[in-house]
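Visitor: Data: protein-v9.cif, mmCIF, C-alpha atoms and all ligand atoms.
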data_data
#
loop_
_atom_site.label_atom_id
_atom_site.label_comp_id
_atom_site.auth_asym_id
_atom_site.auth_seq_id
_atom_site.Cartn_x
_atom_site.Cartn_y
_atom_site.Cartn_z
CA MET A 1054 -5.19 -2.89 -25.63
CA LEU A 1055 -1.92 -3.80 -23.94
CA ALA A 1056 -2.14 -4.93 -20.33
CA MET A 1057 0.10 -6.46 -17.72
CA SER A 1058 -0.67 -10.15 -17.30
CA TYR A 1059 0.34 -12.49 -14.43
CA GLN A 1060 1.90 -15.68 -15.76
CA GLY A 1061 2.87 -17.34 -12.47
CA PRO A 1062 5.28 -16.51 -9.64
CA LYS A 1063 7.95 -13.96 -10.66
CA ASN A 1064 6.64 -13.95 -14.20
CA VAL A 1065 4.57 -11.11 -15.66
CA LYS A 1066 4.41 -9.69 -19.16
CA ALA A 1067 2.50 -7.26 -21.35
CA VAL A 1068 -0.15 -8.99 -23.49
CA LYS A 1069 -2.94 -7.94 -25.83
CA LYS A 1070 -6.34 -8.08 -24.17
CA PRO A 1071 -9.79 -6.95 -25.31
CA ASP A 1072 -10.60 -3.36 -24.31
CA PRO A 1073 -12.79 -3.26 -21.18
CA LYS A 1074 -16.47 -2.49 -21.72
CA ILE A 1075 -19.21 -0.87 -19.67
CA MET A 1076 -20.83 -3.81 -17.86
CA HIS A 1077 -23.08 -1.89 -15.47
CA PRO A 1078 -24.75 1.52 -15.84
CA ASN A 1079 -22.53 2.99 -13.10
CA ASP A 1080 -19.23 1.97 -14.75
CA VAL A 1081 -16.80 4.18 -16.57
CA VAL A 1082 -13.97 3.03 -18.80
CA LEU A 1083 -10.76 4.87 -18.03
CA LYS A 1084 -7.80 5.53 -20.32
CA VAL A 1085 -4.95 5.02 -17.88
CA LYS A 1086 -2.36 7.79 -17.64
CA ARG A 1087 -0.28 6.64 -14.69
CA SER A 1088 -0.36 3.34 -12.83
CA ALA A 1089 1.99 2.52 -9.98
CA ILE A 1090 3.35 -0.82 -8.85
CA CYS A 1091 2.69 -1.28 -5.14
CA GLY A 1092 4.39 -3.44 -2.51
CA SER A 1093 1.08 -5.30 -2.40
CA ASP A 1094 1.57 -6.29 -6.05
CA LEU A 1095 4.85 -7.89 -5.04
CA HIS A 1096 3.00 -10.26 -2.70
CA LEU A 1097 1.02 -11.40 -5.76
CA TYR A 1098 4.14 -11.45 -7.94
CA PHE A 1099 5.91 -13.76 -5.49
CA GLY A 1100 2.93 -16.12 -5.51
CA MET A 1101 2.16 -15.47 -1.84
CA VAL A 1102 -1.54 -14.63 -2.17
CA ALA A 1103 -4.16 -17.35 -2.58
CA ASP A 1104 -6.18 -17.54 -5.81
CA THR A 1105 -3.99 -15.25 -7.90
CA ARG A 1106 -5.00 -16.45 -11.33
CA VAL A 1107 -2.82 -16.61 -14.41
CA GLY A 1108 -3.94 -13.95 -16.88
CA THR A 1109 -4.99 -11.44 -14.20
CA THR A 1110 -4.02 -7.81 -14.76
CA PHE A 1111 -2.70 -6.21 -11.56
CA GLY A 1112 -2.73 -2.53 -10.66
CA HIS A 1113 -4.74 -0.71 -8.01
CA GLU A 1114 -3.01 2.68 -7.84
CA PHE A 1115 -3.86 4.66 -10.97
CA THR A 1116 -5.12 7.82 -12.63
CA GLY A 1117 -6.55 8.46 -16.07
CA VAL A 1118 -9.03 10.13 -18.38
CA VAL A 1119 -12.65 9.01 -18.63
CA GLU A 1120 -13.15 7.44 -22.06
CA GLU A 1121 -16.72 6.15 -21.81
CA VAL A 1122 -19.49 6.55 -19.21
CA GLY A 1123 -22.34 4.25 -18.20
CA SER A 1124 -25.90 5.53 -18.42
CA SER A 1125 -26.40 6.11 -14.68
CA VAL A 1126 -23.12 7.93 -14.00
CA GLU A 1127 -23.85 11.44 -12.72
CA SER A 1128 -20.59 12.81 -11.39
CA LEU A 1129 -18.25 12.12 -14.31
CA LYS A 1130 -18.20 12.82 -18.03
CA VAL A 1131 -15.99 11.84 -20.94
CA GLY A 1132 -12.66 13.69 -20.74
CA ASP A 1133 -12.61 14.10 -16.94
CA ARG A 1134 -9.24 13.42 -15.35
CA ILE A 1135 -9.65 11.26 -12.26
CA MET A 1136 -7.77 9.42 -9.54
CA VAL A 1137 -9.25 6.10 -8.43
CA PRO A 1138 -8.96 4.64 -4.88
CA PHE A 1139 -7.71 1.07 -4.76
CA ASN A 1140 -10.79 -0.06 -2.80
CA ILE A 1141 -13.91 -0.68 -4.84
CA SER A 1142 -16.76 0.53 -2.64
CA CYS A 1143 -20.49 0.69 -3.15
CA GLY A 1144 -21.11 3.92 -1.20
CA ARG A 1145 -24.33 2.61 0.36
CA CYS A 1146 -23.66 -0.39 2.60
CA TYR A 1147 -23.31 -0.42 6.40
CA TYR A 1148 -19.54 0.18 6.15
CA CYS A 1149 -19.50 2.71 3.32
CA GLN A 1150 -22.05 4.81 5.22
CA ARG A 1151 -19.50 4.97 8.03
CA SER A 1152 -16.64 5.88 5.64
CA LEU A 1153 -15.10 2.43 6.14
CA PHE A 1154 -14.66 2.06 2.40
CA GLY A 1155 -12.05 -0.69 2.69
CA ASN A 1156 -14.63 -2.80 4.51
CA CYS A 1157 -17.42 -2.42 1.92
CA GLU A 1158 -19.59 -5.52 2.05
CA LEU A 1159 -21.11 -5.37 -1.43
CA THR A 1160 -18.18 -5.28 -3.86
CA ASN A 1161 -16.38 -8.55 -3.20
CA PRO A 1162 -18.38 -11.60 -4.27
CA SER A 1163 -15.53 -13.95 -3.31
CA ALA A 1164 -15.07 -13.29 0.41
CA THR A 1165 -16.56 -11.35 3.30
CA VAL A 1166 -13.24 -10.36 4.88
CA ALA A 1167 -12.33 -7.51 2.50
CA ALA A 1168 -13.86 -5.16 -0.05
CA GLY A 1169 -13.23 -5.47 -3.77
CA VAL A 1170 -9.79 -4.32 -4.90
CA TYR A 1171 -8.62 -3.65 -8.47
CA GLY A 1172 -6.18 -6.13 -9.89
CA TYR A 1173 -5.71 -8.20 -6.81
CA SER A 1174 -6.23 -11.92 -6.34
CA HIS A 1175 -9.68 -13.38 -6.92
CA THR A 1176 -10.09 -13.31 -3.12
CA THR A 1177 -10.83 -9.60 -3.55
CA GLY A 1178 -13.29 -10.00 -6.37
CA GLY A 1179 -11.19 -10.74 -9.43
CA TYR A 1180 -11.47 -7.23 -10.92
CA ASP A 1181 -8.91 -6.49 -13.62
CA GLY A 1182 -6.51 -3.74 -12.57
CA GLY A 1183 -5.05 -0.55 -13.96
CA GLN A 1184 -1.63 -1.69 -15.17
CA ALA A 1185 -3.17 -1.56 -18.62
CA GLN A 1186 -4.04 0.99 -21.27
CA TYR A 1187 -7.70 0.90 -20.20
CA VAL A 1188 -9.55 -0.24 -17.12
CA ARG A 1189 -13.19 -0.61 -16.12
CA VAL A 1190 -14.06 1.46 -13.04
CA PRO A 1191 -17.24 0.20 -11.35
CA PHE A 1192 -19.25 2.33 -8.88
CA ALA A 1193 -17.87 5.33 -10.75
CA ASP A 1194 -20.00 7.79 -8.78
CA VAL A 1195 -18.49 6.58 -5.49
CA GLY A 1196 -14.70 6.18 -5.49
CA PRO A 1197 -13.04 8.42 -8.07
CA MET A 1198 -12.10 12.04 -7.42
CA LYS A 1199 -11.40 14.62 -10.12
CA ILE A 1200 -7.81 15.77 -10.51
CA PRO A 1201 -7.56 19.57 -10.22
CA ASP A 1202 -6.77 21.14 -13.63
CA ASP A 1203 -3.52 22.64 -12.43
CA MET A 1204 -2.14 19.35 -11.12
CA HIS A 1205 -0.28 16.61 -12.97
CA ASP A 1206 -1.28 12.96 -12.65
CA GLU A 1207 2.00 12.26 -10.88
CA ASP A 1208 1.23 14.92 -8.24
CA VAL A 1209 -1.80 12.93 -7.09
CA LEU A 1210 -1.13 9.34 -8.16
CA PHE A 1211 -0.20 8.14 -4.68
CA LEU A 1212 -3.41 9.59 -3.22
CA THR A 1213 -5.01 6.42 -4.54
CA ASP A 1214 -3.05 4.12 -2.19
CA ALA A 1215 0.43 4.63 -0.72
CA PHE A 1216 -0.03 8.11 0.80
CA PRO A 1217 -3.42 7.53 2.50
CA THR A 1218 -2.21 4.12 3.66
CA GLY A 1219 0.87 5.63 5.31
CA TYR A 1220 -1.25 8.45 6.73
CA MET A 1221 -3.83 6.05 8.14
CA ALA A 1222 -1.03 3.93 9.61
CA ALA A 1223 0.16 6.97 11.56
CA GLU A 1224 -3.39 7.96 12.48
CA MET A 1225 -4.11 4.48 13.88
CA GLY A 1226 -1.11 5.00 16.17
CA SER A 1227 -3.00 7.82 17.98
CA ILE A 1228 0.21 9.86 18.00
CA ARG A 1229 0.42 12.57 20.65
CA PRO A 1230 2.72 15.60 20.46
CA GLY A 1231 6.31 14.60 21.14
CA ASP A 1232 5.71 10.86 20.78
CA THR A 1233 8.40 8.53 19.51
CA VAL A 1234 7.29 6.44 16.54
CA ILE A 1235 9.11 3.45 15.05
CA CYS A 1236 8.17 2.62 11.48
CA PHE A 1237 9.20 -0.78 10.15
CA GLY A 1238 9.67 -0.57 6.38
CA ALA A 1239 11.17 2.25 4.31
CA GLY A 1240 9.14 1.51 1.20
CA PRO A 1241 6.61 4.00 -0.15
CA VAL A 1242 4.06 3.21 2.57
CA GLY A 1243 6.66 3.50 5.33
CA LEU A 1244 7.87 6.82 3.89
CA PHE A 1245 4.38 8.29 3.95
CA ALA A 1246 3.76 6.87 7.42
CA ALA A 1247 6.94 8.52 8.73
CA LYS A 1248 6.12 11.81 7.02
CA SER A 1249 2.56 11.72 8.37
CA ALA A 1250 3.77 10.87 11.89
CA PHE A 1251 5.76 14.11 11.94
CA LEU A 1252 2.76 16.04 10.57
CA MET A 1253 0.73 14.60 13.46
CA GLY A 1254 3.23 15.94 16.00
CA ALA A 1255 5.65 13.05 16.60
CA GLY A 1256 8.84 14.23 18.26
CA ARG A 1257 10.98 11.39 16.90
CA VAL A 1258 10.44 8.92 14.09
CA ILE A 1259 12.82 5.98 13.68
CA VAL A 1260 12.58 4.09 10.37
CA VAL A 1261 13.87 0.51 10.22
CA ASP A 1262 14.75 -1.40 7.05
CA ARG A 1263 17.59 -3.48 5.67
CA LEU A 1264 18.25 -1.40 2.55
CA ASN A 1265 20.58 1.53 3.16
CA TYR A 1266 19.56 3.39 0.00
CA ARG A 1267 15.93 3.38 1.18
CA LEU A 1268 16.88 4.37 4.72
CA GLU A 1269 18.98 7.26 3.44
CA PHE A 1270 16.11 8.40 1.24
CA ALA A 1271 13.75 8.16 4.23
CA GLN A 1272 16.08 10.34 6.29
CA GLY A 1273 16.24 13.01 3.59
CA TYR A 1274 12.53 12.87 2.76
CA THR A 1275 11.16 12.91 6.30
CA GLY A 1276 13.92 13.93 8.73
CA CYS A 1277 13.66 10.61 10.59
CA GLU A 1278 16.36 8.62 12.35
CA ILE A 1279 17.28 5.34 10.66
CA VAL A 1280 18.37 1.84 11.67
CA ASN A 1281 19.48 -0.97 9.39
CA PHE A 1282 18.36 -4.13 11.18
CA GLU A 1283 20.99 -6.20 9.38
CA GLU A 1284 23.78 -4.03 10.77
CA VAL A 1285 22.91 -4.41 14.47
CA ASP A 1286 23.23 -7.46 16.72
CA ASP A 1287 19.69 -7.40 18.02
CA ILE A 1288 17.15 -5.01 16.57
CA ILE A 1289 14.91 -5.02 19.66
CA VAL A 1290 17.78 -4.27 22.05
CA THR A 1291 18.95 -1.51 19.69
CA LEU A 1292 15.51 0.08 19.51
CA LYS A 1293 14.99 -0.20 23.27
CA LYS A 1294 18.34 1.51 23.85
CA MET A 1295 17.27 4.32 21.53
CA THR A 1296 14.03 4.78 23.50
CA GLU A 1297 15.16 5.00 27.13
CA GLY A 1298 14.87 1.25 27.59
CA ARG A 1299 11.11 1.55 27.52
CA GLY A 1300 10.23 1.28 23.84
CA ALA A 1301 8.46 3.58 21.41
CA ASP A 1302 5.03 5.07 22.01
CA VAL A 1303 3.89 3.87 18.60
CA CYS A 1304 5.14 1.14 16.25
CA ILE A 1305 3.99 0.81 12.65
CA ASP A 1306 4.25 -2.29 10.45
CA ALA A 1307 4.69 -1.06 6.87
CA VAL A 1308 6.30 -4.30 5.73
CA GLY A 1309 3.79 -7.14 5.51
CA LEU A 1310 4.14 -10.79 4.67
CA ASP A 1311 7.37 -10.71 2.63
CA ALA A 1312 9.36 -9.54 5.65
CA SER A 1313 12.92 -10.67 6.16
CA GLY A 1314 14.90 -10.66 9.40
CA SER A 1315 13.73 -13.83 11.17
CA ASN A 1316 14.69 -17.28 9.92
CA PHE A 1317 11.83 -18.85 11.86
CA GLN A 1318 9.21 -16.48 10.43
CA SER A 1319 10.60 -16.69 6.89
CA PHE A 1320 10.80 -20.49 6.91
CA THR A 1321 7.33 -21.08 8.34
CA GLY A 1322 5.70 -18.18 6.48
CA LYS A 1323 7.42 -18.03 3.11
CA VAL A 1324 9.00 -21.44 2.49
CA MET A 1325 6.62 -23.89 4.19
CA MET A 1326 3.58 -21.56 3.98
CA MET A 1327 2.46 -22.83 7.37
CA GLN A 1328 1.31 -19.32 8.21
CA ALA A 1329 0.08 -16.47 6.02
CA GLY A 1330 3.50 -14.91 5.40
CA ALA A 1331 6.37 -13.93 7.68
CA ALA A 1332 5.02 -11.90 10.61
CA THR A 1333 8.47 -10.55 11.53
CA ALA A 1334 7.50 -6.88 11.52
CA ILE A 1335 4.47 -7.49 13.77
CA ASP A 1336 6.70 -9.42 16.18
CA TRP A 1337 9.21 -6.60 16.26
CA ALA A 1338 6.52 -3.96 16.63
CA ILE A 1339 5.01 -5.73 19.64
CA ASP A 1340 8.45 -6.21 21.21
CA SER A 1341 9.72 -2.68 20.66
CA VAL A 1342 6.62 -0.68 21.61
CA ARG A 1343 6.37 0.47 25.22
CA LYS A 1344 3.76 -0.93 27.59
CA ALA A 1345 0.34 0.58 26.85
CA GLY A 1346 1.68 1.79 23.50
CA HIS A 1347 0.06 1.52 20.07
CA VAL A 1348 0.87 -0.91 17.28
CA SER A 1349 -0.53 -0.05 13.86
CA ILE A 1350 -0.45 -2.61 11.07
CA VAL A 1351 -0.94 -1.77 7.41
CA GLY A 1352 1.44 -4.42 6.07
CA VAL A 1353 -0.61 -7.01 4.21
CA TYR A 1354 -0.98 -10.59 5.47
CA GLY A 1355 -3.09 -13.28 3.87
CA PRO A 1356 -5.88 -14.86 5.86
CA PRO A 1357 -6.33 -16.90 7.94
CA TRP A 1358 -3.61 -16.56 10.59
CA ASN A 1359 -0.03 -15.78 11.61
CA MET A 1360 2.15 -16.64 14.56
CA ILE A 1361 2.33 -13.43 16.57
CA PRO A 1362 3.06 -12.98 20.31
CA ILE A 1363 -0.43 -12.13 21.46
CA GLY A 1364 0.48 -13.04 25.08
CA THR A 1365 3.18 -10.38 25.08
CA ALA A 1366 0.76 -7.88 23.57
CA MET A 1367 -1.80 -8.64 26.28
CA ASN A 1368 0.66 -8.40 29.14
CA LYS A 1369 2.04 -5.10 27.84
CA GLY A 1370 -1.44 -3.69 27.37
CA ILE A 1371 -0.84 -2.77 23.75
CA THR A 1372 -3.55 -1.26 21.59
CA MET A 1373 -3.36 -2.82 18.15
CA ARG A 1374 -5.10 -1.33 15.13
CA MET A 1375 -5.01 -2.42 11.52
CA ASN A 1376 -7.01 -2.33 8.31
CA GLN A 1377 -7.02 -1.91 4.60
CA CYS A 1378 -6.86 1.83 4.01
CA HIS A 1379 -10.19 3.63 3.54
CA VAL A 1380 -8.64 5.62 0.72
CA LYS A 1381 -11.58 7.79 -0.32
CA ARG A 1382 -11.96 9.10 3.22
CA TYR A 1383 -8.47 10.63 3.16
CA MET A 1384 -8.24 11.96 -0.39
CA PRO A 1385 -9.56 15.52 0.13
CA HIS A 1386 -7.43 16.23 3.20
CA LEU A 1387 -4.26 14.76 1.73
CA LEU A 1388 -4.82 16.60 -1.55
CA GLN A 1389 -4.85 19.77 0.54
CA LEU A 1390 -1.56 18.78 2.23
CA ILE A 1391 0.01 18.35 -1.22
CA ARG A 1392 -1.36 21.68 -2.43
CA GLU A 1393 -0.02 23.45 0.65
CA GLY A 1394 3.41 21.99 0.03
CA HIS A 1395 3.61 19.81 3.15
CA VAL A 1396 4.17 16.62 1.16
CA ASP A 1397 5.50 16.03 -2.35
CA PRO A 1398 4.49 12.44 -3.09
CA LYS A 1399 5.93 12.33 -6.60
CA ALA A 1400 9.43 12.83 -5.15
CA ILE A 1401 9.52 9.10 -4.33
CA ILE A 1402 9.17 8.02 -7.98
CA THR A 1403 12.43 6.45 -9.11
CA HIS A 1404 11.39 4.56 -12.24
CA ARG A 1405 9.00 5.26 -15.13
CA ALA A 1406 8.23 2.63 -17.78
CA GLY A 1407 5.85 1.93 -20.63
CA ILE A 1408 3.44 -1.01 -20.39
CA GLU A 1409 5.67 -3.06 -22.75
CA GLU A 1410 8.41 -2.89 -20.10
CA VAL A 1411 6.20 -4.05 -17.24
CA ASP A 1412 8.23 -7.24 -16.68
CA ASP A 1413 11.42 -5.19 -16.18
CA ALA A 1414 9.64 -2.78 -13.86
CA TYR A 1415 8.45 -5.66 -11.65
CA HIS A 1416 11.86 -7.32 -11.71
CA ILE A 1417 13.62 -4.11 -10.63
CA PHE A 1418 11.11 -3.29 -7.87
CA ALA A 1419 10.83 -6.85 -6.56
CA ASN A 1420 14.59 -7.26 -6.33
CA LYS A 1421 15.17 -3.69 -5.13
CA LYS A 1422 17.61 -3.05 -7.97
CA GLU A 1423 18.81 0.34 -9.22
CA ASN A 1424 17.92 1.93 -5.84
CA CYS A 1425 14.28 1.52 -6.70
CA ILE A 1426 11.76 3.09 -4.36
CA LYS A 1427 8.62 3.44 -6.47
CA PRO A 1428 8.16 2.44 -10.11
CA ILE A 1429 5.25 3.74 -12.13
CA LEU A 1430 3.90 2.88 -15.55
CA ALA A 1431 2.65 5.26 -18.21
CA PRO A 1432 0.58 2.77 -20.25
CA ASN A 1433 -0.39 5.31 -22.91
CA GLY A 1434 2.93 7.11 -23.06
CA ILE A 1435 4.52 9.83 -20.95
N1 LIG B 1501 -3.32 -1.74 4.36
C1 LIG B 1501 -3.37 -1.21 3.14
O1 LIG B 1501 -4.39 -0.66 2.74
C2 LIG B 1501 -2.16 -1.26 2.28
C3 LIG B 1501 -2.07 -0.43 1.15
C4 LIG B 1501 -0.86 -0.40 0.42
C5 LIG B 1501 0.19 -1.23 0.78
N2 LIG B 1501 0.04 -2.05 1.87
C6 LIG B 1501 1.13 -2.93 2.31
O2 LIG B 1501 2.13 -2.12 2.92
C7 LIG B 1501 3.37 -2.83 2.87
C8 LIG B 1501 4.46 -1.91 2.34
O3 LIG B 1501 4.18 -1.53 1.00
P1 LIG B 1501 5.32 -0.81 0.13
O4 LIG B 1501 4.74 -0.45 -1.18
O5 LIG B 1501 5.99 0.25 0.94
O6 LIG B 1501 6.32 -2.10 -0.06
P2 LIG B 1501 7.87 -2.27 -0.36
O7 LIG B 1501 8.08 -3.69 -0.70
O8 LIG B 1501 8.36 -1.23 -1.32
O9 LIG B 1501 8.58 -1.95 1.06
C9 LIG B 1501 8.68 -2.86 2.11
C10 LIG B 1501 10.02 -2.59 2.82
O10 LIG B 1501 10.09 -3.40 4.00
C11 LIG B 1501 11.47 -3.75 4.18
N3 LIG B 1501 11.55 -4.85 5.14
C12 LIG B 1501 11.54 -6.21 4.93
N4 LIG B 1501 11.56 -6.86 6.10
C13 LIG B 1501 11.59 -5.91 7.08
C14 LIG B 1501 11.62 -5.95 8.49
N5 LIG B 1501 11.61 -7.12 9.15
N6 LIG B 1501 11.67 -4.76 9.19
C15 LIG B 1501 11.68 -3.56 8.53
N7 LIG B 1501 11.64 -3.47 7.18
C16 LIG B 1501 11.60 -4.62 6.46
C17 LIG B 1501 11.92 -4.06 2.76
O11 LIG B 1501 13.33 -4.05 2.66
C18 LIG B 1501 11.24 -2.92 1.97
O12 LIG B 1501 12.08 -1.79 1.86
C19 LIG B 1501 3.11 -4.06 1.99
O13 LIG B 1501 2.82 -5.18 2.81
C20 LIG B 1501 1.86 -3.69 1.24
O14 LIG B 1501 1.14 -4.82 0.82
C21 LIG B 1501 -1.10 -2.07 2.61
ZN ZN B 1502 -1.33 -1.05 -2.84
ZN ZN B 1503 -20.18 -0.53 0.54
#
Mind turning the file's structure into structure tokens?
Guide:
Amino acid sequence: MLAMSYQGPKNVKAVKKPDPKIMHPNDVVLKVKRSAICGSDLHLYFGMVADTRVGTTFGHEFTGVVEEVGSSVESLKVGDRIMVPFNISCGRCYYCQRSLFGNCELTNPSATVAAGVYGYSHTTGGYDGGQAQYVRVPFADVGPMKIPDDMHDEDVLFLTDAFPTGYMAAEMGSIRPGDTVICFGAGPVGLFAAKSAFLMGAGRVIVVDRLNYRLEFAQGYTGCEIVNFEEVDDIIVTLKKMTEGRGADVCIDAVGLDASGSNFQSFTGKVMMMQAGAATAIDWAIDSVRKAGHVSIVGVYGPPWNMIPIGTAMNKGITMRMNQCHVKRYMPHLLQLIREGHVDPKAIITHRAGIEEVDDAYHIFANKKENCIKPILAPNGI
């Protein structure tokens, strides 16, 4: 088969790899129909995540058709169309029993901090990902959900990552009716966080980014207010002025470790690697939330630590919540929201490519060229 292969920082290409095989009775092999590139893949692409091995196939946001089933699989059969959460979860452990699927303790042999994830660094288990013509799906009775017959793969593709992550980001903000929410990042996750914040009753949502084309899209897609942090003197002063001098009720970090906007954070986090990425968006969230407000972090940072103003957070009495998204937990509800017409996730797709063009797709997304918001791959053709 053809599969995306990591060759080193800023260098990926399509290569021939052996087709995946059933390795455990509860595996299925999936013929991939659609596979997105996520902002999290860009952290790998830029060489920012430890133990990202050359030859790894990325991709943790995908749908497809079941090609082969292991002998113990009960819920799926050959030919089923499924969407697959990015977390690999066992369904039985302490965390899975509590629907904390992103915290599963049995699927990541490399580290205890996170569950297994498809196509991520070997710190999340070293599973090959779905930016390929075929992918092995372990614990097939646990994670995947069938795609309704009347829906296209692209209708539901982002239910496997970006949409539930944005939704959970808003949910962790404990938004109350009329609240003001600031969302840092106008990428796919930020868009779904802003959209979800309104669905949860926010009165105002302010989205912050540095890319005007993304901010304009965010405004049209969600009805939010927008601020370009590169076009104001001081982003915190600007946001405070927009929120009665007090700050927002809820701030969301949908940026993560590649953040720009602070020379100090970028130099120590991205150039010197003295901390696990630039924590600029966390800094800004803590500074621009009101006292006793909520900060919700879904932006990805590598362990073990970052320089964040915890003293400020303590003095302000901020509640901070964060996690990998527990994707499976949200899929049924968010599928319903799509069906009822509240959210049209596929509207954020700007680029479609074949697997042979995977290097171009990464280049365009990573450098935010051609007004790219979300690129997806169709590894077996459109
Ligand atoms: N927690 C989870 O389960 C989970 C799941 C999916 C993605 N993520 C993470 O969410 C984050 C966003 O993902 P995405 O796909 O939307 O990525 P993306 O790269 O498309 O978007 C990030 C956006 O942040 C903007 N940005 C950079 N610095 C900023 C700053 N200081 N303030 C405001 N905006 C800034 C960029 O211009 C870009 O538009 C990434 O860190 C990704 O790894 C987490
Ligand atoms: Zn992702
Ligand atoms: Zn588990």
Visitor: Please, which residues have at least one atom within 8 Å of an atom of ligand LIG 1501 (chain B), using only C-alpha atoms and all ligand atoms, listed as a count of residues only?
Guide: 57
Visitor: At what distance in Å, to one decimal, does atom CA of A:Pro1191 lie from atom CA of A:Val1126?
Guide: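 Atom CA of A:Pro1191 lies 10.1 Å from atom CA of A:Val1126.
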Visitor: Taking (1.5, 7.8, -3.4) in the coordinates of the supplied file, I want to know which residues reach to within 8 Å of it, counting only C-alpha atoms; could you give the answer as an MDAnalysis selection string?
Guide: chainID A and resid 1209:1217 1241:1242 1245 1398:1399
Visitor: Which chain A residues have any atom within 10 Å of an atom of ligand ZN 1503 (chain B), and for each, what is the nearest pair of atoms with distance in Å to one decimal, counting all atoms listed in the file, rows sorted by chain and number, as CSV?
Guide:
residue,atom,partner,partner_atom,distance
A:Asn1140,CA,B:ZN1503,ZN,10.0
A:Ile1141,CA,B:ZN1503,ZN,8.3
A:Ser1142,CA,B:ZN1503,ZN,4.8
A:Cys1143,CA,B:ZN1503,ZN,3.9
A:Gly1144,CA,B:ZN1503,ZN,4.9
A:Arg1145,CA,B:ZN1503,ZN,5.2
A:Cys1146,CA,B:ZN1503,ZN,4.0
A:Tyr1147,CA,B:ZN1503,ZN,6.6
A:Tyr1148,CA,B:ZN1503,ZN,5.7
A:Cys1149,CA,B:ZN1503,ZN,4.3
A:Gln1150,CA,B:ZN1503,ZN,7.3
A:Arg1151,CA,B:ZN1503,ZN,9.3
A:Ser1152,CA,B:ZN1503,ZN,8.9
A:Leu1153,CA,B:ZN1503,ZN,8.1
A:Phe1154,CA,B:ZN1503,ZN,6.4
A:Gly1155,CA,B:ZN1503,ZN,8.4
A:Asn1156,CA,B:ZN1503,ZN,7.2
A:Cys1157,CA,B:ZN1503,ZN,3.6
A:Glu1158,CA,B:ZN1503,ZN,5.2
A:Leu1159,CA,B:ZN1503,ZN,5.3
A:Thr1160,CA,B:ZN1503,ZN,6.8
A:Asn1161,CA,B:ZN1503,ZN,9.6
A:Ala1168,CA,B:ZN1503,ZN,7.9
A:Gly1169,CA,B:ZN1503,ZN,9.6
A:Phe1192,CA,B:ZN1503,ZN,9.9
A:Val1195,CA,B:ZN1503,ZN,9.5
Visitor: Give the answer as one residue: which of A:Glu1269, A:Asp1287, A:Glu1393, A:Glu1114 has the shortest atom-to-atom distance to ligand ZN 1502 (chain B), using only C-alpha atoms and all ligand atoms?
Guide: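 Between A:Glu1269, A:Asp1287, A:Glu1393, A:Glu1114, the residue approaching ligand ZN 1502 (chain B) most closely is A:Glu1114.
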Visitor: Pick from A:Glu1409, A:Ala1329, A:Leu1430, A:Cys1304: nearest to A:Val1068, with all atoms listed in the file counted?
Guide: A:Glu1409
